[in-house]
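Student: Structure incoming, see below.
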Amino acid sequence: MDDIDRNILRELQNDGRLTNQELAQRVGLSASPCMRRVRQLEQDGVIRGYRAVIDPDAIGRGFEVLVSVEVRRDRETVEAFEEALQDVPDVIEAYRLFGSPGCLIRIAVADLTAYERLWIERLTALPGVTEVNSQIIMKRVKESRGLPVGG
């Protein structure tokens, strides 16, 4: 990966809707070589996809919670927990951690009532869950703008 590839990545993280022509212009290439590089980055798995950034309030999911979950620590239970978590649409991110807590989950729902219902009906019922602790997000201070693409 060279500086041009890193510039392509920076530009696409800032605006994934750039046309190939606009992208080529910004990184100092003609259109064909730029497209080849983008396709190669996609094929290599460096670029894993493209998404729209959605305002959570606009779709009724402005109440966000960070949830730490303890799960029994045997392979079968952890695998069953992680598989079941895939079927909970309110979970928008989940991470298995070293140490305690064993898992950190980010949830987006409509309000406190919706979160309480999710907590009672789904989270505490997931395989192997022994503890659930919730931290309600007061304010998003910094939103993800992508990964730093260093040189």
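Within each chain, counting starts at residue 1; across the structure tokens, chains are named A, B, ... in the order shown, with ligands numbered 1 upward in that order.
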As a list in words, please: the residues near range 89-102 of chain A (cut-off 10 Å, only C-alpha atoms, same-chain neighbours under 4 positions excluded).

Tutor: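 The contact residues come out as Arg61, Glu64, Val65, Leu66, Val67, Ser68, Val69, Glu70, Val71, Arg72, Arg73, Val78, Glu82, Leu85, Arg106, Ile107, Ala108, Val109, Ala110, Ala114, Tyr115, Leu118, Leu123, Glu131, Val132 and Asn133 of chain A.
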
Student: Return as a ChimeraX atom specification the full set of residues in chain A whose backbone-based DSSP assignment is strand (DSSP E).

Tutor: /A:63-71,91-96,103-109,129-136

Student: Hey, what's within 7 Å of Ala31 in chain A if we count only C-alpha atoms and toss same-chain stuff fewer than 6 positions away? As a list of chain:residue names, please?

Tutor: A:Asn20, A:Gln21, A:Ala24

Student: Deliver the residues from the most recent selection as a file, using all heavy atoms, as a compact mmCIF listing (two decimals), in the first residue's frame.

Tutor:
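Output saved as again.txt:
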```txt
# COMPACT_ATOMS: atom_id res chain seq x y z
N ASN A 20 -15.87 8.10 -9.41
CA ASN A 20 -14.49 7.73 -9.69
C ASN A 20 -13.70 8.93 -10.22
O ASN A 20 -12.54 9.13 -9.89
CB ASN A 20 -14.42 6.55 -10.66
CG ASN A 20 -12.99 6.12 -10.88
OD1 ASN A 20 -12.29 5.77 -9.93
ND2 ASN A 20 -12.54 6.18 -12.12
N GLN A 21 -14.35 9.74 -11.05
CA GLN A 21 -13.70 10.93 -11.61
C GLN A 21 -13.30 11.91 -10.51
O GLN A 21 -12.18 12.42 -10.50
CB GLN A 21 -14.63 11.61 -12.62
CG GLN A 21 -13.98 12.73 -13.40
CD GLN A 21 -12.84 12.24 -14.29
OE1 GLN A 21 -12.93 11.19 -14.90
NE2 GLN A 21 -11.76 13.00 -14.33
N ALA A 24 -10.45 10.34 -8.46
CA ALA A 24 -9.19 10.39 -9.21
C ALA A 24 -8.59 11.78 -9.16
O ALA A 24 -7.38 11.93 -8.95
CB ALA A 24 -9.45 9.96 -10.66
```

Student: Residues within 12 Å of range 142-150 of chain A, please, as a compact mmCIF listing (two decimals) with N, CA and C atoms, in the first residue's frame. Count only C-alpha atoms; anything in the same chain fewer than 6 positions from it doesn't count.

Tutor:
```txt
# COMPACT_ATOMS: atom_id res chain seq x y z
N MET A 1 0.85 -1.17 0.00
CA MET A 1 0.00 0.00 0.00
C MET A 1 0.89 1.23 0.00
N ASP A 2 0.64 2.13 -0.93
CA ASP A 2 1.45 3.35 -1.02
C ASP A 2 0.62 4.57 -0.63
N ASP A 3 1.22 5.76 -0.78
CA ASP A 3 0.54 7.00 -0.39
C ASP A 3 -0.73 7.23 -1.19
N ILE A 4 -0.74 6.85 -2.44
CA ILE A 4 -1.95 7.05 -3.26
C ILE A 4 -3.09 6.18 -2.73
N ASP A 5 -2.79 4.91 -2.40
CA ASP A 5 -3.82 4.03 -1.82
C ASP A 5 -4.35 4.62 -0.52
N ARG A 6 -3.45 5.12 0.33
CA ARG A 6 -3.89 5.72 1.59
C ARG A 6 -4.75 6.96 1.34
N ASN A 7 -4.39 7.76 0.35
CA ASN A 7 -5.21 8.93 0.00
C ASN A 7 -6.59 8.50 -0.50
N ILE A 8 -6.63 7.46 -1.29
CA ILE A 8 -7.92 6.92 -1.76
C ILE A 8 -8.77 6.52 -0.57
N LEU A 9 -8.17 5.82 0.37
CA LEU A 9 -8.92 5.38 1.56
C LEU A 9 -9.42 6.57 2.37
N ARG A 10 -8.58 7.57 2.56
CA ARG A 10 -9.00 8.78 3.30
C ARG A 10 -10.20 9.44 2.61
N GLU A 11 -10.08 9.63 1.31
CA GLU A 11 -11.16 10.31 0.58
C GLU A 11 -12.47 9.51 0.63
N LEU A 12 -12.37 8.20 0.46
CA LEU A 12 -13.60 7.38 0.47
C LEU A 12 -14.22 7.31 1.87
N GLN A 13 -13.38 7.36 2.91
CA GLN A 13 -13.95 7.41 4.27
C GLN A 13 -14.68 8.73 4.50
N ASN A 14 -14.16 9.80 3.93
CA ASN A 14 -14.82 11.10 4.09
C ASN A 14 -16.09 11.20 3.27
N ASP A 15 -16.09 10.58 2.09
CA ASP A 15 -17.27 10.64 1.22
C ASP A 15 -17.28 9.42 0.31
N GLY A 16 -18.00 8.40 0.71
CA GLY A 16 -18.07 7.15 -0.05
C GLY A 16 -18.89 7.27 -1.33
N VAL A 46 -9.40 -4.63 1.90
CA VAL A 46 -9.06 -3.40 2.62
C VAL A 46 -10.32 -2.55 2.73
N ILE A 47 -11.03 -2.39 1.62
CA ILE A 47 -12.34 -1.73 1.61
C ILE A 47 -13.37 -2.85 1.74
N TYR A 50 -19.52 -0.12 1.72
CA TYR A 50 -19.90 1.29 1.71
C TYR A 50 -21.25 1.39 2.41
N ARG A 51 -21.42 2.45 3.21
CA ARG A 51 -22.65 2.61 3.98
C ARG A 51 -23.08 4.06 4.03
N VAL A 53 -24.54 6.99 6.54
CA VAL A 53 -24.56 7.33 7.96
C VAL A 53 -25.93 7.92 8.24
N ILE A 54 -26.67 7.29 9.14
CA ILE A 54 -28.07 7.65 9.40
C ILE A 54 -28.20 8.34 10.75
N ASP A 55 -29.01 9.36 10.82
CA ASP A 55 -29.30 10.05 12.07
C ASP A 55 -30.21 9.15 12.91
```

Student: Among the residues of chain A, find those DSSP assigns to alpha helix (DSSP H) from the backbone and print them as a PyMOL selection string.

Tutor: chain A and resi 3-14+20-27+31-43+75-85+112-118

Student: Interatomic distance between CA of Ser134 in chain A and CA of Ala52 in chain A?

Tutor: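 The value is 27.6 Å.
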
Student: Counting only C-alpha atoms, which of A:Asp44, A:Gly49, A:Phe63, A:Arg26 gets nearest to Met138 in chain A?

Tutor: A:Phe63

Student: Restricting the calculation to only C-alpha atoms, which member of A:Gln135, A:Asp87, A:Thr130, A:Ile59 is positioned closest to Leu112 in chain A?

Tutor: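 Once distances to Leu112 in chain A are computed over only C-alpha atoms, the minimum belongs to A:Gln135.
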
Student: Please report the interatomic distance between CA of Glu79 in chain A and CA of Leu126 in chain A in Å with one decimal.

Tutor: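 Taking CA of Glu79 in chain A and CA of Leu126 in chain A, their separation equals 11.3 Å.
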
Student: Could you tell me which of A:Val141, A:Val129, A:Asp111, A:Thr124 comes closest to Pro56 in chain A if we count only C-alpha atoms?

Tutor: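 The shortest atom-to-atom distance to Pro56 in chain A comes from A:Asp111.
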